[in-house]
file target.cif (mmCIF, C-alpha atoms and all ligand atoms)
data_data
loop_
_atom_site.label_atom_id
_atom_site.label_comp_id
_atom_site.auth_asym_id
_atom_site.auth_seq_id
_atom_site.Cartn_x
_atom_site.Cartn_y
_atom_site.Cartn_z
CA MET A 167 0.00 0.00 0.00
CA PRO A 168 1.52 3.39 -0.84
CA PRO A 169 1.15 5.88 2.03
CA GLY A 170 -2.46 7.05 2.35
CA VAL A 171 -4.57 7.75 5.43
CA LEU A 172 -3.50 5.97 8.60
CA LEU A 173 -5.33 5.64 11.91
CA VAL A 174 -3.08 5.04 14.95
CA THR A 175 -4.85 4.24 18.21
CA GLY A 176 -3.11 5.50 21.34
CA GLY A 177 -1.03 7.89 19.28
CA SER A 178 -0.59 10.53 21.95
CA ARG A 179 2.33 8.95 23.78
CA GLY A 180 4.98 6.23 23.67
CA ILE A 181 5.13 3.77 20.79
CA GLY A 182 1.98 5.21 19.20
CA ALA A 183 3.34 8.77 19.14
CA ALA A 184 6.64 7.54 17.63
CA THR A 185 4.63 5.66 15.00
CA VAL A 186 2.61 8.76 14.16
CA ARG A 187 5.81 10.79 13.68
CA ALA A 188 7.50 8.11 11.56
CA ALA A 189 4.39 7.53 9.43
CA ALA A 190 3.88 11.23 8.79
CA ALA A 191 7.55 11.53 7.77
CA ALA A 192 6.99 8.62 5.35
CA GLY A 193 4.08 10.45 3.71
CA TRP A 194 1.02 9.07 5.52
CA SER A 195 -1.73 11.47 6.63
CA VAL A 196 -2.27 10.34 10.19
CA ALA A 197 -5.30 10.37 12.48
CA LEU A 198 -4.24 9.57 16.04
CA THR A 199 -6.57 8.62 18.83
CA TYR A 200 -6.11 9.33 22.50
CA ARG A 201 -8.25 8.61 25.54
CA ASP A 202 -7.44 11.24 28.21
CA ASP A 203 -4.35 13.22 27.38
CA GLU A 204 -5.61 15.83 24.90
CA ALA A 205 -2.54 18.05 25.41
CA ALA A 206 -0.16 15.19 24.58
CA ALA A 207 -2.15 14.40 21.42
CA ALA A 208 -2.14 18.06 20.37
CA ALA A 209 1.64 18.21 20.90
CA VAL A 210 2.14 15.22 18.56
CA VAL A 211 -0.05 16.87 15.91
CA ALA A 212 1.94 20.11 16.28
CA ASP A 213 5.24 18.20 15.87
CA VAL A 214 4.00 16.53 12.70
CA GLU A 215 2.73 19.79 11.24
CA ALA A 216 5.98 21.59 12.10
CA ALA A 217 7.81 18.90 10.12
CA GLY A 218 5.52 19.52 7.13
CA GLY A 219 3.23 16.52 7.65
CA THR A 220 -0.50 16.08 8.16
CA ALA A 221 -2.11 14.78 11.35
CA ALA A 222 -5.35 15.09 13.29
CA ALA A 223 -6.17 14.03 16.86
CA VAL A 224 -9.41 12.21 17.67
CA PRO A 225 -10.62 11.34 21.19
CA ALA A 226 -11.70 7.70 21.51
CA ASP A 227 -11.73 4.95 24.11
CA VAL A 228 -11.04 1.88 21.98
CA ALA A 229 -13.08 -0.26 24.38
CA VAL A 230 -16.23 1.72 23.48
CA GLU A 231 -17.80 0.62 20.20
CA ASP A 232 -19.35 4.01 19.34
CA ASP A 233 -16.01 5.75 19.97
CA VAL A 234 -14.22 3.42 17.56
CA VAL A 235 -16.84 3.85 14.83
CA SER A 236 -16.75 7.64 15.31
CA ALA A 237 -12.94 7.73 15.23
CA PHE A 238 -12.80 5.99 11.84
CA ALA A 239 -15.52 8.30 10.51
CA ALA A 240 -13.71 11.39 11.84
CA ALA A 241 -10.43 10.22 10.30
CA ALA A 242 -12.07 9.69 6.92
CA ASP A 243 -13.88 13.04 7.09
CA ALA A 244 -10.72 14.93 8.02
CA LEU A 245 -8.15 13.14 5.85
CA GLY A 246 -9.84 10.84 3.31
CA PRO A 247 -10.46 7.05 3.03
CA VAL A 248 -8.55 5.12 5.68
CA THR A 249 -6.08 2.62 4.15
CA GLY A 250 -3.90 1.91 7.18
CA LEU A 251 -4.50 0.96 10.82
CA VAL A 252 -2.04 0.61 13.66
CA ALA A 253 -3.96 -0.87 16.60
CA ASN A 254 -1.57 0.25 19.31
CA ALA A 255 -3.63 1.41 22.32
CA GLY A 256 -3.04 -0.88 25.26
CA ILE A 257 -2.88 -0.94 29.05
CA VAL A 258 -1.43 -2.99 31.88
CA GLY A 259 -2.85 -3.42 35.37
CA PRO A 260 -0.80 -2.98 38.55
CA ARG A 261 1.73 -5.73 39.27
CA ALA A 262 -0.15 -8.63 40.85
CA ARG A 263 -0.45 -12.41 40.87
CA VAL A 264 -3.48 -14.10 39.29
CA ASP A 265 -4.72 -15.14 42.74
CA GLU A 266 -5.00 -11.44 43.64
CA TYR A 267 -6.97 -10.21 40.60
CA THR A 268 -10.41 -8.64 40.67
CA ALA A 269 -12.79 -9.37 37.81
CA GLU A 270 -13.00 -5.62 37.19
CA ARG A 271 -9.25 -5.35 36.56
CA VAL A 272 -9.16 -8.29 34.15
CA ARG A 273 -12.27 -7.06 32.32
CA ARG A 274 -10.72 -3.65 31.68
CA VAL A 275 -7.44 -5.13 30.38
CA LEU A 276 -9.31 -7.45 28.02
CA GLU A 277 -11.75 -4.73 26.92
CA VAL A 278 -9.00 -2.29 25.96
CA ASN A 279 -6.41 -4.73 24.61
CA VAL A 280 -8.61 -7.36 22.95
CA LEU A 281 -12.09 -5.95 22.35
CA GLY A 282 -10.52 -2.62 21.32
CA ALA A 283 -8.23 -4.30 18.80
CA VAL A 284 -11.06 -6.41 17.37
CA LEU A 285 -13.38 -3.41 17.00
CA CYS A 286 -10.65 -1.41 15.25
CA CYS A 287 -9.95 -4.34 12.91
CA ARG A 288 -13.65 -4.65 12.12
CA GLU A 289 -13.90 -0.98 11.16
CA ALA A 290 -10.69 -1.19 9.14
CA VAL A 291 -11.88 -4.22 7.14
CA ARG A 292 -15.26 -2.61 6.50
CA ARG A 293 -13.45 0.31 4.89
CA MET A 294 -10.43 -1.36 3.24
CA SER A 295 -11.59 -4.77 2.00
CA THR A 296 -12.42 -5.13 -1.68
CA ARG A 297 -15.36 -7.25 -0.46
CA HIS A 298 -16.84 -4.01 0.92
CA GLY A 299 -15.87 -1.85 -2.06
CA GLY A 300 -12.60 -0.65 -0.57
CA SER A 301 -9.27 -0.44 -2.36
CA GLY A 302 -7.26 -2.53 0.10
CA GLY A 303 -5.12 -1.62 3.07
CA SER A 304 -2.64 -2.64 5.71
CA VAL A 305 -3.17 -3.36 9.41
CA VAL A 306 -0.49 -3.67 12.09
CA LEU A 307 -1.42 -4.89 15.56
CA VAL A 308 0.88 -3.94 18.45
CA SER A 309 1.09 -7.01 20.66
CA SER A 310 3.91 -7.81 23.10
CA VAL A 311 6.63 -10.35 23.75
CA ALA A 312 4.56 -10.96 26.91
CA SER A 313 2.38 -13.24 24.77
CA ARG A 314 5.18 -15.83 24.77
CA LEU A 315 6.84 -14.95 28.13
CA GLY A 316 3.56 -14.91 30.10
CA SER A 317 4.57 -12.09 32.53
CA PRO A 318 4.44 -14.26 35.70
CA GLY A 319 4.14 -12.24 38.92
CA GLU A 320 3.56 -9.04 36.95
CA TYR A 321 0.46 -9.23 34.76
CA VAL A 322 -0.48 -12.59 33.34
CA ASP A 323 -3.84 -11.12 32.28
CA TYR A 324 -2.02 -8.61 30.06
CA ALA A 325 0.14 -11.38 28.58
CA ALA A 326 -3.01 -13.41 27.86
CA SER A 327 -4.60 -10.39 26.18
CA LYS A 328 -1.57 -10.12 23.90
CA GLY A 329 -1.82 -13.83 23.11
CA ALA A 330 -5.30 -13.02 21.87
CA VAL A 331 -3.92 -10.14 19.79
CA ASP A 332 -1.38 -12.48 18.15
CA THR A 333 -4.14 -14.92 17.25
CA LEU A 334 -6.39 -12.12 16.01
CA GLY A 335 -3.60 -11.11 13.65
CA ILE A 336 -3.04 -14.65 12.35
CA GLY A 337 -6.72 -15.36 11.81
CA LEU A 338 -7.73 -12.02 10.34
CA ALA A 339 -4.73 -12.06 8.01
CA ARG A 340 -5.96 -15.34 6.49
CA GLU A 341 -9.57 -14.15 6.43
CA VAL A 342 -8.87 -11.05 4.33
CA ALA A 343 -5.71 -12.05 2.43
CA GLY A 344 -7.71 -12.34 -0.81
CA GLU A 345 -9.41 -8.97 -0.26
CA GLY A 346 -6.42 -6.64 -0.58
CA VAL A 347 -5.82 -6.29 3.16
CA ARG A 348 -2.62 -7.43 4.90
CA VAL A 349 -2.56 -7.91 8.68
CA ASN A 350 0.68 -8.22 10.66
CA VAL A 351 1.74 -8.11 14.29
CA VAL A 352 4.67 -6.40 16.04
CA ARG A 353 5.70 -7.77 19.43
CA PRO A 354 7.86 -5.26 21.31
CA GLY A 355 10.05 -6.26 24.24
CA ILE A 356 10.73 -3.77 27.02
CA ILE A 357 10.49 -0.25 25.58
CA GLU A 358 11.08 3.11 27.26
CA THR A 359 7.55 4.52 27.65
CA GLU A 360 5.20 5.61 30.43
CA ILE A 361 3.26 2.32 30.41
CA HIS A 362 5.51 0.87 33.13
CA ALA A 363 4.80 3.75 35.52
CA SER A 364 1.08 3.48 34.70
CA GLY A 365 1.27 -0.11 36.01
CA GLY A 366 2.96 1.09 39.21
CA GLN A 367 6.51 0.08 38.16
CA PRO A 368 8.37 3.29 37.18
CA ASP A 369 11.71 1.47 37.68
CA ARG A 370 10.85 -1.42 35.33
CA VAL A 371 12.98 -0.24 32.38
CA ALA A 372 16.03 0.33 34.64
CA ARG A 373 15.51 -3.07 36.28
CA ILE A 374 14.84 -5.25 33.22
CA GLY A 375 16.69 -3.36 30.47
CA PRO A 376 20.17 -4.64 31.48
CA THR A 377 18.91 -8.26 31.51
CA VAL A 378 17.92 -8.15 27.84
CA PRO A 379 20.48 -9.94 25.60
CA MET A 380 21.32 -6.60 23.92
CA GLY A 381 21.77 -5.08 27.40
CA ARG A 382 19.21 -2.31 27.11
CA ALA A 383 15.54 -1.45 26.69
CA GLY A 384 14.31 -0.41 23.26
CA LEU A 385 13.17 3.00 22.12
CA PRO A 386 9.69 3.80 20.80
CA ALA A 387 11.23 4.85 17.46
CA GLU A 388 12.79 1.38 17.10
CA VAL A 389 9.35 -0.21 17.34
CA ALA A 390 7.84 2.42 15.04
CA ALA A 391 10.38 1.52 12.34
CA ALA A 392 9.20 -2.11 12.40
CA VAL A 393 5.56 -1.02 12.32
CA LEU A 394 6.22 1.24 9.33
CA TRP A 395 7.96 -1.56 7.43
CA LEU A 396 5.03 -3.93 7.96
CA LEU A 397 2.56 -1.19 7.04
CA GLY A 398 4.21 -0.33 3.74
CA GLU A 399 4.86 -1.91 0.36
CA ASP A 400 8.35 -3.21 1.21
CA SER A 401 6.67 -6.00 3.22
CA GLY A 402 4.12 -6.65 0.47
CA TYR A 403 4.33 -10.48 0.69
CA CYS A 404 4.00 -10.54 4.51
CA THR A 405 0.67 -11.22 6.11
CA GLY A 406 -0.05 -12.99 9.38
CA THR A 407 3.58 -12.31 10.34
CA LEU A 408 4.61 -11.85 13.98
CA LEU A 409 7.69 -9.61 14.17
CA ASP A 410 9.52 -9.50 17.52
CA VAL A 411 11.36 -6.25 18.37
CA THR A 412 12.96 -7.28 21.62
CA GLY A 413 16.74 -6.90 21.63
CA GLY A 414 16.96 -10.70 21.60
CA ARG A 415 14.68 -11.31 24.57
P1 LIG B 1 1.84 4.31 26.82
O1 LIG B 1 3.09 5.11 26.75
O2 LIG B 1 1.19 4.07 28.16
O3 LIG B 1 0.77 4.95 25.82
C1 LIG B 1 -0.48 4.32 25.71
C2 LIG B 1 -1.30 5.03 24.67
O4 LIG B 1 -2.54 4.33 24.54
C3 LIG B 1 -1.64 6.45 25.00
O5 LIG B 1 -1.71 7.18 23.80
C4 LIG B 1 -3.02 6.34 25.65
O6 LIG B 1 -3.82 7.51 25.51
C5 LIG B 1 -3.61 5.23 24.81
N1 LIG B 1 -4.69 4.51 25.45
C6 LIG B 1 -4.67 3.83 26.62
N2 LIG B 1 -5.88 3.29 26.87
C7 LIG B 1 -6.67 3.64 25.84
C8 LIG B 1 -8.02 3.40 25.50
N3 LIG B 1 -8.83 2.69 26.31
N4 LIG B 1 -8.50 3.90 24.36
C9 LIG B 1 -7.72 4.63 23.56
N5 LIG B 1 -6.43 4.90 23.79
C10 LIG B 1 -5.92 4.41 24.94
O7 LIG B 1 2.06 2.85 26.21
P2 LIG B 1 3.16 2.24 25.20
O8 LIG B 1 4.23 1.64 26.02
O9 LIG B 1 3.48 3.20 24.13
O10 LIG B 1 2.31 1.00 24.62
C11 LIG B 1 1.73 1.02 23.34
C12 LIG B 1 1.43 -0.41 22.97
O11 LIG B 1 2.64 -1.16 22.98
C13 LIG B 1 0.48 -1.12 23.94
O12 LIG B 1 -0.41 -1.95 23.22
C14 LIG B 1 1.42 -1.97 24.78
O13 LIG B 1 0.78 -3.10 25.31
C15 LIG B 1 2.47 -2.32 23.75
N6 LIG B 1 3.76 -2.73 24.33
C16 LIG B 1 4.51 -1.85 25.07
C17 LIG B 1 5.71 -2.28 25.61
C18 LIG B 1 6.60 -1.40 26.44
O14 LIG B 1 7.54 -1.91 27.08
N7 LIG B 1 6.37 -0.08 26.48
C19 LIG B 1 6.14 -3.60 25.39
C20 LIG B 1 5.35 -4.46 24.65
C21 LIG B 1 4.16 -4.00 24.12
P3 LIG B 1 -3.78 8.73 26.63
O15 LIG B 1 -2.45 9.42 26.41
O16 LIG B 1 -4.92 9.61 26.28
O17 LIG B 1 -3.88 8.07 27.96
#
call {"tool": "encode", "arguments": {"input": "target.cif", "output": "structure tokens"}}
result
Amino acid sequence: MPPGVLLVTGGSRGIGAATVRAAAAAGWSVALTYRDDEAAAAAVVADVEAAGGTAAAVPADVAVEDDVVSAFAAAADALGPVTGLVANAGIVGPRARVDEYTAERVRRVLEVNVLGAVLCCREAVRRMSTRHGGSGGSVVLVSSVASRLGSPGEYVDYAASKGAVDTLGIGLAREVAGEGVRVNVVRPGIIETEIHASGGQPDRVARIGPTVPMGRAGLPAEVAAAVLWLLGEDSGYCTGTLLDVTGGR
């Protein structure tokens, strides 16, 4: 897919914001969603515009069906037909064992990470698939290496949600491969973002980074580069691919 209109969920901070910047630099017009942090989203849009690119911020909780539908509609209204999706928005709960979980905690993790990704994929396919009159497109799901490590003692529910994201990518890729839509998955390792502090572990990068085979945590831009490759034409024969970006972890 040549660069067109891209929707990035959770584009206000971290890996999503780096993806928005990289995509805009590569020629995509980018709609980025955020949930709470309007100022952070506006700052990313300002950065993109200062660099000569095009971006628009759209508020949406990906766990809310109406928000997702509205976000795709707003992106198309502002920028044109959506031909790319990066389903990036995701959360972790506080560090806890499974025998300490509340149902409410697990429900929220699954609603944001799994239901949110599925709803975004549904809207993307409805717009991109040749079966629905679209001209094709490219979807990248942001999963995690947690799907194969399991995150014991930290957040097994999060790891399980990312296992579901991996399988969503494999299944959807095969479902729409003949309809002009590619679907791929990026699985980051430990990356320097605010997600660790949001889960109550602000020291997590300093603690785990040195234990990674490459001896350090990754940067959001290093994940964004992998996302951009899978999104674009250079990966044109890849679909249902899981790409680990983990420093060897
Ligand atoms: P982050 O810095 O915490 O940023 C999360 C982004 O998602 C923010 O833009 C946030 O919006 C948005 N968001 C959160 N909940 C949302 C919701 N319900 N609806 C819409 N947007 C929502 O996280 P990150 O580290 O960049 O993580 C991005 C993705 O990478 C996640 O899927 C995460 O699981 C995955 N990942 C991260 C790492 C890592 O080490 N950082 C490793 C593996 C995988 P607001 O700014 O408005 O809150």
call {"tool": "closest_atom_pairs", "arguments": {"input": "target.cif", "of": "stretch 380-410 of chain A", "to": "stretch 237-257 of chain A", "cutoff": "10 Å", "atoms": "all atoms listed in the file", "output": "JSON lines"}}
result
{"residue": "A:Val393", "atom": "CA", "partner": "A:Val252", "partner_atom": "CA", "distance": 7.9}
{"residue": "A:Leu394", "atom": "CA", "partner": "A:Val252", "partner_atom": "CA", "distance": 9.3}
{"residue": "A:Leu397", "atom": "CA", "partner": "A:Gly250", "partner_atom": "CA", "distance": 7.2}
{"residue": "A:Gly398", "atom": "CA", "partner": "A:Gly250", "partner_atom": "CA", "distance": 9.1}
call {"tool": "residues_around", "arguments": {"input": "target.cif", "residues": "stretch 280-294 of chain A", "least_positions_apart": "2", "cutoff": "8 Å", "atoms": "all atoms listed in the file", "output": "MDAnalysis selection string"}}
result
chainID A and resid 228:231 234:235 238 247:251 253 275:278 296 298:303 305 307 327:328 330:331 334 342 346:347
call {"tool": "residues_near_ligand", "arguments": {"input": "target.cif", "ligand": "ligand LIG 1 (chain B)", "cutoff": "6 Å", "atoms": "only C-alpha atoms and all ligand atoms", "output": "ChimeraX atom specification"}}
result
/A:175-182,200-203,226-229,254-257,278,308-310,354-361
call {"tool": "write_last_selection", "arguments": {"input": "target.cif", "atoms": "C-alpha atoms", "output": "short mmCIF file (atom, residue, chain, number, x, y, z; two decimals), in the coordinates of the input"}}
result
data_model
loop_
_atom_site.label_atom_id
_atom_site.label_comp_id
_atom_site.auth_asym_id
_atom_site.auth_seq_id
_atom_site.Cartn_x
_atom_site.Cartn_y
_atom_site.Cartn_z
CA THR A 175 -4.85 4.24 18.21
CA GLY A 176 -3.11 5.50 21.34
CA GLY A 177 -1.03 7.89 19.28
CA SER A 178 -0.59 10.53 21.95
CA ARG A 179 2.33 8.95 23.78
CA GLY A 180 4.98 6.23 23.67
CA ILE A 181 5.13 3.77 20.79
CA GLY A 182 1.98 5.21 19.20
CA TYR A 200 -6.11 9.33 22.50
CA ARG A 201 -8.25 8.61 25.54
CA ASP A 202 -7.44 11.24 28.21
CA ASP A 203 -4.35 13.22 27.38
CA ALA A 226 -11.70 7.70 21.51
CA ASP A 227 -11.73 4.95 24.11
CA VAL A 228 -11.04 1.88 21.98
CA ALA A 229 -13.08 -0.26 24.38
CA ASN A 254 -1.57 0.25 19.31
CA ALA A 255 -3.63 1.41 22.32
CA GLY A 256 -3.04 -0.88 25.26
CA ILE A 257 -2.88 -0.94 29.05
CA VAL A 278 -9.00 -2.29 25.96
CA VAL A 308 0.88 -3.94 18.45
CA SER A 309 1.09 -7.01 20.66
CA SER A 310 3.91 -7.81 23.10
CA PRO A 354 7.86 -5.26 21.31
CA GLY A 355 10.05 -6.26 24.24
CA ILE A 356 10.73 -3.77 27.02
CA ILE A 357 10.49 -0.25 25.58
CA GLU A 358 11.08 3.11 27.26
CA THR A 359 7.55 4.52 27.65
CA GLU A 360 5.20 5.61 30.43
CA ILE A 361 3.26 2.32 30.41
#
call {"tool": "atom_distance", "arguments": {"input": "target.cif", "atom1": "atom CA of A:Ala208", "atom2": "atom CA of A:Ala222"}}
result
8.3 Å
call {"tool": "closest_residue", "arguments": {"input": "target.cif", "among": "A:Asn279, A:Leu385, A:Tyr403, A:Val186", "to": "A:Ala343", "atoms": "all atoms listed in the file"}}
result
A:Tyr403
call {"tool": "atom_distance", "arguments": {"input": "target.cif", "atom1": "atom CA of A:Arg187", "atom2": "atom CA of A:Gly218"}}
result
10.9 Å
call {"tool": "residues_around", "arguments": {"input": "target.cif", "residues": "A:Ile374", "least_positions_apart": "2", "cutoff": "12 Å", "atoms": "only C-alpha atoms", "output": "ChimeraX atom specification"}}
result
/A:355-358,362,367-372,376-384,412-413,415
call {"tool": "closest_residue", "arguments": {"input": "target.cif", "among": "A:Asp265, A:Asp332, A:Gly259, A:Gly344", "to": "A:Arg297", "atoms": "only C-alpha atoms"}}
result
A:Gly344
call {"tool": "atom_distance", "arguments": {"input": "target.cif", "atom1": "atom CA of A:Gly170", "atom2": "atom CA of A:Thr220"}}
result
10.9 Å
call {"tool": "closest_residue", "arguments": {"input": "target.cif", "among": "A:Ile336, A:Val311, A:Cys404, A:Leu173", "to": "A:Thr185", "atoms": "all atoms listed in the file"}}
result
A:Leu173
call {"tool": "closest_residue", "arguments": {"input": "target.cif", "among": "A:Arg314, A:Thr407, A:Val171, A:Pro386", "to": "A:Leu338", "atoms": "only C-alpha atoms"}}
result
A:Thr407
call {"tool": "closest_residue", "arguments": {"input": "target.cif", "among": "A:Ala217, A:Val272, A:Val210, A:Ala205", "to": "A:Val174", "atoms": "all atoms listed in the file"}}
result
A:Val210
call {"tool": "decode", "arguments": {"input": "target.cif", "residues": "stretch 353-414 of chain A", "atoms": "C-alpha atoms", "output": "compact mmCIF listing (two decimals), in the first residue's frame"}}
result
# COMPACT_ATOMS: atom_id res chain seq x y z
CA ARG A 353 5.70 -7.77 19.43
CA PRO A 354 7.86 -5.26 21.31
CA GLY A 355 10.05 -6.26 24.24
CA ILE A 356 10.73 -3.77 27.02
CA ILE A 357 10.49 -0.25 25.58
CA GLU A 358 11.08 3.11 27.26
CA THR A 359 7.55 4.52 27.65
CA GLU A 360 5.20 5.61 30.43
CA ILE A 361 3.26 2.32 30.41
CA HIS A 362 5.51 0.87 33.13
CA ALA A 363 4.80 3.75 35.52
CA SER A 364 1.08 3.48 34.70
CA GLY A 365 1.27 -0.11 36.01
CA GLY A 366 2.96 1.09 39.21
CA GLN A 367 6.51 0.08 38.16
CA PRO A 368 8.37 3.29 37.18
CA ASP A 369 11.71 1.47 37.68
CA ARG A 370 10.85 -1.42 35.33
CA VAL A 371 12.98 -0.24 32.38
CA ALA A 372 16.03 0.33 34.64
CA ARG A 373 15.51 -3.07 36.28
CA ILE A 374 14.84 -5.25 33.22
CA GLY A 375 16.69 -3.36 30.47
CA PRO A 376 20.17 -4.64 31.48
CA THR A 377 18.91 -8.26 31.51
CA VAL A 378 17.92 -8.15 27.84
CA PRO A 379 20.48 -9.94 25.60
CA MET A 380 21.32 -6.60 23.92
CA GLY A 381 21.77 -5.08 27.40
CA ARG A 382 19.21 -2.31 27.11
CA ALA A 383 15.54 -1.45 26.69
CA GLY A 384 14.31 -0.41 23.26
CA LEU A 385 13.17 3.00 22.12
CA PRO A 386 9.69 3.80 20.80
CA ALA A 387 11.23 4.85 17.46
CA GLU A 388 12.79 1.38 17.10
CA VAL A 389 9.35 -0.21 17.34
CA ALA A 390 7.84 2.42 15.04
CA ALA A 391 10.38 1.52 12.34
CA ALA A 392 9.20 -2.11 12.40
CA VAL A 393 5.56 -1.02 12.32
CA LEU A 394 6.22 1.24 9.33
CA TRP A 395 7.96 -1.56 7.43
CA LEU A 396 5.03 -3.93 7.96
CA LEU A 397 2.56 -1.19 7.04
CA GLY A 398 4.21 -0.33 3.74
CA GLU A 399 4.86 -1.91 0.36
CA ASP A 400 8.35 -3.21 1.21
CA SER A 401 6.67 -6.00 3.22
CA GLY A 402 4.12 -6.65 0.47
CA TYR A 403 4.33 -10.48 0.69
CA CYS A 404 4.00 -10.54 4.51
CA THR A 405 0.67 -11.22 6.11
CA GLY A 406 -0.05 -12.99 9.38
CA THR A 407 3.58 -12.31 10.34
CA LEU A 408 4.61 -11.85 13.98
CA LEU A 409 7.69 -9.61 14.17
CA ASP A 410 9.52 -9.50 17.52
CA VAL A 411 11.36 -6.25 18.37
CA THR A 412 12.96 -7.28 21.62
CA GLY A 413 16.74 -6.90 21.63
CA GLY A 414 16.96 -10.70 21.60
